[in-house]
Amino acid sequence: MGAIGSLKTPMITPAKLELDGQVYELPTLRGTEGEPAVSIAALRDKTGHITLDDGYSNTGSCRSAITFIDGEKGILRYRGIPIEELAEKSTFVETAYLLIYGNLPTRAQFRAFSGMLTDNENLHEDMKYHFEGFPSTAHPMAILSAMINASSCFYPGLNGPRNADRFDVHAARLISQVRTIAAFSYRKSRGLPIIYPKRAYKYTANFLHMMFSDPYEDYNLQPEIVRALDLIFLLHADHEQNCSTATVRMVASSQANLFACAAAGVCALWGPLHGGANQAVVEMLQEIHKSGDDGSKFIAAAKDKNSGRRLMGFGHRLYKNYDPRATIIRKACDQILKRIQVADPLLDIAKRLEEAALNDPYFVERKLYPNVDFYSGIIMRAVGIPLEMFTVIFGIGRMPGWIANFKEIMEDPKGRIYRPRQIYVGSGLRHYVPLEQREQ
């Protein structure tokens with residue numbers, strides 16, 4: 001349906017590394033936006049050494065043409081297009097196409113892509129029996145990962161040799177069905193009857209319909225709410241080589257099928273240090289409210305290093321300035337709160353925290369601004385999405401980025417299975433001691 005941009009990178013002056021009195025030259029390169037890198041692909045062959053970078057904070061694991069981030073300048077672009085433009089002018093479905101295929105779709109391409117999403121929105125009827133096997137206490141992320149894998153069983157061709165001709169259908173099926181699985185898992189956890197998708201509804205409206213409609217009455221689809229949730233999906237659609245995306249690429253490098261790779265991504269996203277950030281925001285607000293605080297005491301405690309209090313949803317590991325996604329979603333958050341006028345003390349506390357972070361010199365000097373997780377958590381609570389579904393919403397939005405990264409791996413003619421090295425720090429050589437000779 002489209003072509004991925006070139007992954008070629010211009011060479012610059014080689015770097016020099018001195019080890020044991022010998023100097024080695026290491027190739028250097030720059031990305032499209034000028035970001036420099038030193039290639040260590042041949043380091044072990046040349047020197048016998050490897051690099052150690054705990055957590056991969058300074059390691060480039062791949063060359064990718066999908067997403068560009070400049071944390072210092074607060075820049076986020078999908079396929080070169082600023083996130084601000086996409087948020088204002090595009091939709092989640094169109095942005096999904098852009099991420100996966102490299103370019104914005106023509107009218108015909110968009111119609112075909114949307115049609116495939118609609119044609120593949122229903123799950124196989126036998127999948128209902130899998131849902132019945134989960135206890136009512138099952139976390140929706142556990143169900144989501146398991147059901148994505150289970151869904152692959154109904155498409156035998158998915159597990160055979162790589163078939164590029166079927167990629168378009170499998171990608172559309174996964175993007176479409178992930179919201180159906182998510183909605184079904186929510187209904188199951190609440191003991192509610194399953195609501196099937198409607199062909200007449202667009203992507204995000206259909207998800208809300210499946211979540212909140214009753215068999216006898218359809219959910220009232222307010223345009224502001226639909227747009228706000230669509231925006232949350234769009235803003236989370238990709239974010240470079242984060243934990244879950246790197247996991248998808250790792251699994252894809254073994255040539256596992258698309259659904260298996262996506263299920264692995266869900267498991268990585270489930271971790272509270274990754275996809276649970278917006279949930280942590282609401283949990284923080286609940287804690288503040290439970291203590292009888294209006295937020296003022298918590299703010300004072302957050303400034304005290306010894307208090308153990310931390311503002312959740314503020315600051316970002318990559319963005320050293322304001323999170324560009326937060327700037328966008330803040331407007332949508334304000335509009336939603338004005339539109340639905342929910343009387344919620346937690347939302348009042350959230351606004352107080354936001355005001356302090358934007359005006360208090362302590363937070364301003366440290367650039368601890370509200371990030372996208374802060375505002376998305378508020379929006380989801382305001383529209384009635386339960387706390388346990390927050391990370392699931394993140395997973396629905398991130399699916400196009402995972403698929404795009406999967407596609408990039410599969411189309412790389414020089415691709416090989418990922419296999420990081422390690423520095424062994426265990427025991428030296430020792431020998432087996434029979435049980436009767438071991439000290440008691």
# chains A, B, ... in the order shown; residues from 1 in each chain; ligands from 1
$ residues_around --residues "Met312 (chain A)" --least-positions-apart "2" --cutoff "10 Å" --atoms "only C-alpha atoms" --output "JSON, numbers by chain"
{"A": [277, 278, 279, 280, 281, 282, 283, 284, 285, 309, 310, 314, 315, 370, 371, 373, 374]}
$ closest_atom_pairs --of "region 216-265 of chain A" --to "region 98-112 of chain A" --cutoff "12 Å" --atoms "only C-alpha atoms" --output "CSV"
residue,atom,partner,partner_atom,distance
A:Leu234,CA,A:Leu99,CA,10.6
A:His236,CA,A:Leu99,CA,11.8
A:Ala237,CA,A:Leu99,CA,8.3
A:Asp238,CA,A:Leu99,CA,8.0
A:His239,CA,A:Leu99,CA,11.0
A:Glu240,CA,A:Leu99,CA,11.3
$ residues_around --residues "region 25-27 of chain A" --least-positions-apart "2" --cutoff "10 Å" --atoms "only C-alpha atoms" --output "list in words"
Met11, Ile12, Thr13, Pro14, Ala15, Lys16, Leu17, Glu18, Val23, Leu29, Ala37, Val38, Ser39, Ile40, Ala41, Ala42, Leu43 and Lys46 of chain A
$ write_last_selection --atoms "all heavy atoms" --output "CSV table (one decimal), in the first residue's frame"
chain,number,residue,atom,x,y,z
A,11,MET,N,27.8,9.1,6.0
A,11,MET,CA,28.9,8.8,6.9
A,11,MET,C,29.6,10.1,7.3
A,11,MET,O,29.5,11.1,6.5
A,11,MET,CB,30.0,7.9,6.2
A,11,MET,CG,29.4,6.6,5.7
A,11,MET,SD,28.9,5.5,7.1
A,11,MET,CE,30.5,5.3,7.9
A,12,ILE,N,30.2,10.2,8.5
A,12,ILE,CA,31.0,11.3,8.9
A,12,ILE,C,32.4,10.8,9.3
A,12,ILE,O,32.7,9.6,9.2
A,12,ILE,CB,30.3,12.1,10.0
A,12,ILE,CG1,30.0,11.2,11.2
A,12,ILE,CG2,29.1,12.8,9.5
A,12,ILE,CD1,29.3,11.9,12.4
A,13,THR,N,33.2,11.7,9.8
A,13,THR,CA,34.6,11.3,10.2
A,13,THR,C,34.6,10.2,11.2
A,13,THR,O,33.9,10.2,12.2
A,13,THR,CB,35.3,12.5,10.8
A,13,THR,OG1,35.3,13.6,9.9
A,13,THR,CG2,36.8,12.2,11.1
A,14,PRO,N,35.4,9.1,11.0
A,14,PRO,CA,35.4,8.0,11.9
A,14,PRO,C,35.9,8.4,13.3
A,14,PRO,O,36.6,9.3,13.5
A,14,PRO,CB,36.4,7.0,11.3
A,14,PRO,CG,36.5,7.4,9.9
A,14,PRO,CD,36.3,8.9,9.8
A,15,ALA,N,35.4,7.7,14.3
A,15,ALA,CA,35.8,7.9,15.7
A,15,ALA,C,37.0,7.0,16.0
A,15,ALA,O,37.2,6.0,15.3
A,15,ALA,CB,34.7,7.5,16.7
A,16,LYS,N,37.8,7.4,16.9
A,16,LYS,CA,39.0,6.6,17.3
A,16,LYS,C,38.9,6.1,18.7
A,16,LYS,O,38.6,6.9,19.6
A,16,LYS,CB,40.3,7.4,17.0
A,16,LYS,CG,40.5,7.7,15.6
A,16,LYS,CD,41.8,8.5,15.4
A,16,LYS,CE,42.1,8.8,13.9
A,16,LYS,NZ,43.4,9.5,13.7
A,17,LEU,N,39.2,4.8,18.9
A,17,LEU,CA,39.2,4.2,20.2
A,17,LEU,C,40.5,3.6,20.5
A,17,LEU,O,41.0,2.8,19.7
A,17,LEU,CB,38.1,3.1,20.3
A,17,LEU,CG,38.0,2.3,21.5
A,17,LEU,CD1,37.5,3.2,22.7
A,17,LEU,CD2,37.0,1.1,21.3
A,18,GLU,N,41.1,3.9,21.6
A,18,GLU,CA,42.4,3.4,22.0
A,18,GLU,C,42.2,2.4,23.1
A,18,GLU,O,41.6,2.6,24.2
A,18,GLU,CB,43.3,4.5,22.5
A,18,GLU,CG,44.7,4.0,22.8
A,18,GLU,CD,45.7,5.1,23.2
A,18,GLU,OE1,45.4,6.2,22.9
A,18,GLU,OE2,46.8,4.7,23.8
A,23,VAL,N,45.1,1.8,18.5
A,23,VAL,CA,44.0,2.7,18.1
A,23,VAL,C,43.2,2.0,17.0
A,23,VAL,O,43.7,1.5,16.0
A,23,VAL,CB,44.6,4.0,17.6
A,23,VAL,CG1,43.4,4.9,17.1
A,23,VAL,CG2,45.4,4.8,18.6
A,29,LEU,N,28.1,7.9,11.8
A,29,LEU,CA,27.1,8.2,10.8
A,29,LEU,C,26.1,9.2,11.5
A,29,LEU,O,26.2,9.5,12.7
A,29,LEU,CB,26.3,7.0,10.4
A,29,LEU,CG,25.8,6.0,11.5
A,29,LEU,CD1,24.4,6.4,11.9
A,29,LEU,CD2,25.9,4.6,11.1
A,37,ALA,N,26.1,9.1,15.6
A,37,ALA,CA,26.2,7.8,16.2
A,37,ALA,C,27.5,7.2,15.8
A,37,ALA,O,28.1,7.5,14.8
A,37,ALA,CB,25.1,6.8,15.7
A,38,VAL,N,28.0,6.3,16.7
A,38,VAL,CA,29.3,5.6,16.5
A,38,VAL,C,28.9,4.1,16.3
A,38,VAL,O,28.2,3.5,17.2
A,38,VAL,CB,30.3,5.7,17.6
A,38,VAL,CG1,31.5,4.8,17.4
A,38,VAL,CG2,30.6,7.2,17.9
A,39,SER,N,29.2,3.5,15.2
A,39,SER,CA,28.9,2.1,14.9
A,39,SER,C,29.9,1.2,15.6
A,39,SER,O,31.1,1.3,15.3
A,39,SER,CB,28.8,1.8,13.4
A,39,SER,OG,28.6,0.4,13.2
A,40,ILE,N,29.4,0.3,16.4
A,40,ILE,CA,30.3,-0.7,17.1
A,40,ILE,C,30.0,-2.1,16.6
A,40,ILE,O,30.4,-3.1,17.3
A,40,ILE,CB,30.1,-0.6,18.6
A,40,ILE,CG1,28.7,-0.9,19.0
A,40,ILE,CG2,30.6,0.7,19.2
A,40,ILE,CD1,28.5,-1.1,20.5
A,41,ALA,N,29.4,-2.2,15.4
A,41,ALA,CA,29.0,-3.5,14.9
A,41,ALA,C,30.2,-4.5,14.8
A,41,ALA,O,30.1,-5.7,15.0
A,41,ALA,CB,28.4,-3.4,13.5
A,42,ALA,N,31.4,-3.9,14.5
A,42,ALA,CA,32.6,-4.8,14.4
A,42,ALA,C,33.5,-4.7,15.5
A,42,ALA,O,34.7,-5.2,15.5
A,42,ALA,CB,33.3,-4.4,13.1
A,43,LEU,N,33.1,-4.1,16.6
A,43,LEU,CA,34.0,-3.8,17.8
A,43,LEU,C,34.6,-5.1,18.4
A,43,LEU,O,35.8,-5.2,18.6
A,43,LEU,CB,33.3,-3.1,18.9
A,43,LEU,CG,34.1,-2.7,20.1
A,43,LEU,CD1,35.2,-1.7,19.7
A,43,LEU,CD2,33.2,-2.1,21.2
A,46,LYS,N,37.1,-6.8,16.1
A,46,LYS,CA,38.4,-6.1,16.0
A,46,LYS,C,39.2,-6.1,17.3
A,46,LYS,O,40.4,-6.1,17.3
A,46,LYS,CB,38.2,-4.6,15.5
A,46,LYS,CG,37.7,-4.5,14.1
A,46,LYS,CD,37.5,-3.0,13.7
A,46,LYS,CE,37.1,-2.8,12.3
A,46,LYS,NZ,37.0,-1.4,11.9
$ closest_residue --among "A:Ala264, A:Lys128, A:Val226, A:Ala357" --to "Ala146 (chain A)" --atoms "only C-alpha atoms"
A:Ala264
$ closest_residue --among "A:Lys305, A:Leu192, A:Ala252, A:Asn149" --to "Ile409 (chain A)" --atoms "only C-alpha atoms"
A:Ala252
$ closest_residue --among "A:Ile336, A:Leu311, A:Leu358, A:Met147" --to "Arg381 (chain A)" --atoms "only C-alpha atoms"
A:Ile336
$ select_by_dssp --residues "region 13-112 of chain A" --states "alpha helix (DSSP H)" --output "list in words"
Leu43, Arg44, Asp45, Lys46, Thr47, Ile83, Glu84, Glu85, Leu86, Ala87, Glu88, Lys89, Phe92, Val93, Glu94, Thr95, Ala96, Tyr97, Leu98, Leu99, Ile100, Tyr101, Arg107, Ala108, Gln109, Phe110, Arg111 and Ala112 of chain A
$ atom_distance --atom1 "CA of Cys267 (chain A)" --atom2 "CA of Ala96 (chain A)"
21.1 Å
$ closest_residue --among "A:Asn120, A:Ser61, A:Gln177, A:Ser213" --to "Ile194 (chain A)" --atoms "only C-alpha atoms"
A:Ser213
$ closest_residue --among "A:His170, A:Pro361, A:Trp270, A:Lys367" --to "His139 (chain A)" --atoms "only C-alpha atoms"
A:Trp270
$ residues_around --residues "region 153-158 of chain A" --least-positions-apart "2" --cutoff "10 Å" --atoms "only C-alpha atoms" --output "list in words"
Leu123, His124, Asp126, Met127, Met147, Ile148, Asn149, Ala150, Ser151, Gly160, Pro161, Arg162, Asn163, Arg166, Phe167, His170, Ala256, Asn257, Leu258, Phe259 and Ala260 of chain A
$ decode --residues "region 118-256 of chain A" --atoms "C-alpha atoms" --output "compact mmCIF listing (two decimals), in the first residue's frame"
# COMPACT_ATOMS: atom_id res chain seq x y z
CA THR A 118 -14.53 -2.62 9.08
CA ASP A 119 -14.43 -6.05 7.40
CA ASN A 120 -12.21 -7.44 10.16
CA GLU A 121 -13.74 -5.87 13.27
CA ASN A 122 -15.61 -9.00 14.39
CA LEU A 123 -13.90 -11.83 16.22
CA HIS A 124 -14.42 -15.46 15.28
CA GLU A 125 -17.50 -16.62 17.21
CA ASP A 126 -15.52 -19.43 18.86
CA MET A 127 -13.38 -16.77 20.54
CA LYS A 128 -16.27 -16.15 22.94
CA TYR A 129 -15.50 -19.45 24.65
CA HIS A 130 -11.97 -18.23 25.40
CA PHE A 131 -13.36 -15.16 27.15
CA GLU A 132 -15.54 -17.39 29.32
CA GLY A 133 -12.44 -19.16 30.63
CA PHE A 134 -11.10 -16.06 32.36
CA PRO A 135 -12.13 -15.25 35.93
CA SER A 136 -13.97 -11.98 36.48
CA THR A 137 -10.91 -10.71 38.36
CA ALA A 138 -8.59 -11.14 35.35
CA HIS A 139 -6.75 -7.96 34.41
CA PRO A 140 -7.78 -6.68 30.95
CA MET A 141 -4.12 -6.56 29.85
CA ALA A 142 -3.73 -10.28 30.59
CA ILE A 143 -6.85 -10.97 28.54
CA LEU A 144 -5.70 -8.66 25.75
CA SER A 145 -2.34 -10.39 25.35
CA ALA A 146 -3.80 -13.89 25.59
CA MET A 147 -6.64 -13.16 23.17
CA ILE A 148 -4.38 -11.57 20.56
CA ASN A 149 -2.37 -14.78 20.57
CA ALA A 150 -5.53 -16.90 20.57
CA SER A 151 -6.92 -14.93 17.64
CA SER A 152 -3.92 -15.90 15.54
CA CYS A 153 -4.99 -19.55 15.81
CA PHE A 154 -7.99 -18.80 13.61
CA TYR A 155 -5.77 -17.66 10.72
CA PRO A 156 -3.57 -20.67 9.84
CA GLY A 157 -1.67 -18.80 7.13
CA LEU A 158 -0.36 -16.39 9.73
CA ASN A 159 2.03 -18.98 11.14
CA GLY A 160 3.41 -20.24 7.84
CA PRO A 161 6.22 -18.79 5.73
CA ARG A 162 6.32 -15.03 5.54
CA ASN A 163 3.70 -13.87 3.08
CA ALA A 164 3.94 -10.17 2.25
CA ASP A 165 0.76 -10.41 0.18
CA ARG A 166 -1.25 -11.09 3.35
CA PHE A 167 0.40 -8.43 5.51
CA ASP A 168 -2.20 -5.75 4.72
CA VAL A 169 -5.07 -7.95 5.87
CA HIS A 170 -3.30 -9.17 8.99
CA ALA A 171 -2.32 -5.61 9.97
CA ALA A 172 -5.86 -4.31 9.49
CA ARG A 173 -7.28 -7.30 11.34
CA LEU A 174 -5.02 -6.69 14.33
CA ILE A 175 -5.71 -2.94 14.52
CA SER A 176 -9.44 -3.53 14.22
CA GLN A 177 -9.79 -6.52 16.52
CA VAL A 178 -7.64 -5.17 19.35
CA ARG A 179 -10.42 -2.72 20.27
CA THR A 180 -13.03 -5.50 20.01
CA ILE A 181 -10.98 -7.74 22.34
CA ALA A 182 -10.46 -4.82 24.72
CA ALA A 183 -14.16 -3.96 24.86
CA PHE A 184 -15.18 -7.61 25.27
CA SER A 185 -12.69 -8.05 28.12
CA TYR A 186 -14.13 -5.02 29.89
CA ARG A 187 -17.70 -6.29 29.50
CA LYS A 188 -16.61 -9.72 30.77
CA SER A 189 -14.98 -8.22 33.88
CA ARG A 190 -18.23 -6.40 34.74
CA GLY A 191 -20.56 -9.32 34.02
CA LEU A 192 -22.13 -7.40 31.14
CA PRO A 193 -23.37 -8.85 27.84
CA ILE A 194 -21.06 -8.52 24.85
CA ILE A 195 -21.83 -5.67 22.46
CA TYR A 196 -20.90 -6.30 18.84
CA PRO A 197 -19.37 -3.60 16.61
CA LYS A 198 -21.50 -1.64 14.15
CA ARG A 199 -20.32 -1.18 10.59
CA ALA A 200 -21.79 2.31 10.46
CA TYR A 201 -19.52 3.61 13.23
CA LYS A 202 -15.98 4.80 12.70
CA TYR A 203 -13.05 3.33 14.61
CA THR A 204 -13.10 5.18 17.93
CA ALA A 205 -16.87 5.64 18.05
CA ASN A 206 -17.23 1.89 17.56
CA PHE A 207 -14.94 1.19 20.51
CA LEU A 208 -16.98 3.43 22.79
CA HIS A 209 -20.16 1.76 21.50
CA MET A 210 -18.80 -1.71 22.33
CA MET A 211 -17.65 -0.52 25.75
CA PHE A 212 -20.71 1.35 26.99
CA SER A 213 -23.82 0.49 24.97
CA ASP A 214 -26.57 -1.76 26.32
CA PRO A 215 -28.48 -4.34 24.27
CA TYR A 216 -31.55 -2.13 24.58
CA GLU A 217 -29.91 1.31 24.28
CA ASP A 218 -26.89 2.61 22.34
CA TYR A 219 -24.29 4.73 24.08
CA ASN A 220 -24.63 8.47 23.42
CA LEU A 221 -21.65 9.23 21.20
CA GLN A 222 -20.77 12.83 22.00
CA PRO A 223 -18.40 14.23 19.32
CA GLU A 224 -16.10 15.84 21.90
CA ILE A 225 -15.58 12.56 23.72
CA VAL A 226 -15.04 10.59 20.51
CA ARG A 227 -12.51 13.14 19.30
CA ALA A 228 -10.68 13.24 22.63
CA LEU A 229 -10.26 9.46 22.74
CA ASP A 230 -9.23 9.38 19.08
CA LEU A 231 -6.62 11.99 19.94
CA ILE A 232 -5.32 9.85 22.81
CA PHE A 233 -4.94 6.93 20.38
CA LEU A 234 -3.17 9.15 17.85
CA LEU A 235 -0.73 10.67 20.36
CA HIS A 236 0.25 7.21 21.62
CA ALA A 237 0.51 5.59 18.18
CA ASP A 238 4.32 5.43 18.27
CA HIS A 239 7.14 6.75 20.39
CA GLU A 240 10.40 5.45 18.95
CA GLN A 241 12.27 2.56 20.65
CA ASN A 242 10.48 2.41 23.99
CA CYS A 243 10.27 -0.80 26.04
CA SER A 244 7.26 -2.34 24.28
CA THR A 245 8.33 -1.36 20.76
CA ALA A 246 11.83 -2.71 21.36
CA THR A 247 10.17 -5.91 22.60
CA VAL A 248 8.11 -6.19 19.42
CA ARG A 249 11.25 -5.75 17.30
CA MET A 250 13.13 -8.31 19.40
CA VAL A 251 10.41 -10.93 18.93
CA ALA A 252 9.94 -10.02 15.25
CA SER A 253 13.65 -10.58 14.62
CA SER A 254 13.01 -14.30 15.26
CA GLN A 255 10.42 -14.13 12.44
CA ALA A 256 7.55 -14.78 14.83
